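Chemist: Dropping a structure here in structure tokens format, bear with me for questions.
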Amino acid sequence: MTARPTPGALESAWYDDLVALLSSVKEMQRSHQQRLDVHRDADGVVREGEYAAYEDVRYETAVEAADALDSLAARLELVLTAVPTRAFTIALRSPGHQEGARSTLFVVSGTHLDDAYRSLLHLPGYRRWLEEFDIVGATDGSGTYLPAESHPGMRSPGSYIDLRAEQAPAHSARTPHHASLPPGPPATGPGRLR
């Protein structure tokens, strides 16, 4: 059984991951409500003649939520059983920085900023990024580490490239009690009559 973290350890080690997970769940919930609201009036009642379309959307969002639940459970297990580290945003000078391109942000786990940067250098996703932009051997400074723009934590999802899942095998090797969830069965729905 995994020991419960102290409040201070939870705040420093898992807080960023849990906030990001909650944020993605809330975004999916908001999106589902918007899709359902198209078929409801201001009082939340399904409009006459839109029951079939409403039920189709309910089914689609339920399948999407079920699929997301498998990923969420696996990610929560990883967060709570992994070696206590926290998320760090590592900024690198992007191709086109001379023309004003923003830095590329990667999120990786580490015990401190330098540890996270060193971890980034060994991840396949980072290597693919280097190859994609032909940064290996670049003479214009592309791919240069920007410690002043790097920091603990992360921004809102979608503003960075999250490579923490690629670190999972390394973390699980250091965590003997880690057991990942098996993938769930494919989502199939019962036949529906209209």
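Residues are named by chain letter and number: chains run A, B, ... in the order of the structure tokens, numbers start at 1 in each chain, and ligands are numbered from 1 in the order shown.
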Under the rule of at most 8 Å, produce a per-residue listing of region 61-170 of chain A near region 22-43 of chain A: chain, number, name, the closest pair of atoms, and the distance in Å, as CSV, using only C-alpha atoms.
Modeler:
residue,atom,partner,partner_atom,distance
A:Thr61,CA,A:His32,CA,6.1
A:Ala65,CA,A:Met28,CA,7.9
A:Pro157,CA,A:Ser24,CA,7.6
Chemist: So that each row is one residue of region 11-88 of chain A with an atom at most 7 Å from region 99-122 of chain A, can you give its shortest atom pair and the distance in Å to one decimal, using only C-alpha atoms, rows by chain and rising number, as a Markdown table?
Modeler:
| residue | atom | partner | partner_atom | distance |
| --- | --- | --- | --- | --- |
| A:Thr85 | CA | A:Thr111 | CA | 4.9 |
| A:Arg86 | CA | A:Ser109 | CA | 5.3 |
| A:Ala87 | CA | A:Ser109 | CA | 4.4 |
| A:Phe88 | CA | A:Val107 | CA | 5.5 |
Chemist: Going by DSSP on the backbone, which residues of region 13-185 of chain A come out as strand (DSSP E or B)? List them as JSON, numbers by chain.
Modeler: {"A": [40, 46, 86, 87, 88, 89, 90, 91, 92, 104, 105, 106, 107, 108, 109, 110, 145, 151, 152, 161, 162]}
Chemist: Between A:Leu123, A:Ala165, A:Asp17, A:Glu131, which one has atoms that come closest to Pro152 (chain A), using only C-alpha atoms?
Modeler: A:Asp17
Chemist: From a backbone DSSP assignment, name each residue in region 22-122 of chain A labelled helix (DSSP H, G or I), as number ranges by chain.
Modeler: A: 22-37, 51-81, 97-99, 113-120
Chemist: Deliver the residues from the most recent selection as a file, using C-alpha atoms, as a compact mmCIF listing (two decimals), in the first residue's frame.
Modeler:
# COMPACT_ATOMS: atom_id res chain seq x y z
CA LEU A 22 -8.80 18.58 -12.95
CA SER A 23 -8.51 21.29 -15.57
CA SER A 24 -8.81 18.79 -18.42
CA VAL A 25 -11.83 17.11 -16.78
CA LYS A 26 -13.55 20.47 -16.27
CA GLU A 27 -12.87 21.41 -19.90
CA MET A 28 -14.41 18.15 -21.12
CA GLN A 29 -17.41 18.68 -18.83
CA ARG A 30 -17.89 22.22 -20.17
CA SER A 31 -17.64 20.98 -23.75
CA HIS A 32 -20.20 18.23 -23.12
CA GLN A 33 -22.63 20.68 -21.53
CA GLN A 34 -22.33 23.04 -24.49
CA ARG A 35 -23.05 20.20 -26.92
CA LEU A 36 -26.11 19.16 -24.91
CA ASP A 37 -27.34 22.73 -24.41
CA TYR A 51 -35.01 14.19 -28.29
CA ALA A 52 -33.31 11.85 -30.77
CA ALA A 53 -30.50 14.33 -31.49
CA TYR A 54 -30.13 15.03 -27.75
CA GLU A 55 -29.87 11.30 -26.98
CA ASP A 56 -27.24 10.91 -29.74
CA VAL A 57 -25.15 13.65 -28.15
CA ARG A 58 -25.65 12.13 -24.69
CA TYR A 59 -24.41 8.79 -26.01
CA GLU A 60 -21.39 10.36 -27.77
CA THR A 61 -20.37 12.37 -24.71
CA ALA A 62 -20.83 9.35 -22.43
CA VAL A 63 -18.50 7.27 -24.62
CA GLU A 64 -15.98 10.12 -24.71
CA ALA A 65 -16.15 10.46 -20.92
CA ALA A 66 -15.73 6.71 -20.43
CA ASP A 67 -12.66 6.69 -22.67
CA ALA A 68 -11.24 9.68 -20.80
CA LEU A 69 -11.91 7.98 -17.47
CA ASP A 70 -9.53 5.14 -18.35
CA SER A 71 -6.78 7.64 -19.17
CA LEU A 72 -7.55 9.71 -16.09
CA ALA A 73 -7.38 6.67 -13.80
CA ALA A 74 -4.06 5.58 -15.31
CA ARG A 75 -2.62 9.10 -15.02
CA LEU A 76 -3.82 9.48 -11.41
CA GLU A 77 -2.22 6.16 -10.53
CA LEU A 78 1.02 7.29 -12.11
CA VAL A 79 0.90 10.62 -10.26
CA LEU A 80 0.22 9.02 -6.90
CA THR A 81 2.66 6.11 -7.15
CA HIS A 97 13.31 32.98 -32.81
CA GLN A 98 15.14 35.68 -34.74
CA GLU A 99 11.83 36.50 -36.47
CA LEU A 113 14.77 22.54 -12.71
CA ASP A 114 18.18 21.21 -13.74
CA ASP A 115 17.06 17.62 -13.14
CA ALA A 116 14.00 18.21 -15.35
CA TYR A 117 16.16 19.72 -18.11
CA ARG A 118 18.58 16.78 -18.01
CA SER A 119 15.61 14.38 -18.21
CA LEU A 120 14.23 16.25 -21.23
Chemist: To one decimal place in Å, what is the distance between CA of Glu149 (chain A) and CA of Asp134 (chain A)?
Modeler: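 For CA of Glu149 (chain A) relative to CA of Asp134 (chain A), the distance reads 22.6 Å.
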Chemist: Quote the spacing between CA of Ser94 (chain A) and CA of Leu21 (chain A) in Å to one decimal place.
Modeler: 27.1 Å
Chemist: Please, what distance in Å, to one decimal, runs between CA of Gly153 (chain A) and CA of Glu166 (chain A)?
Modeler: 17.6 Å
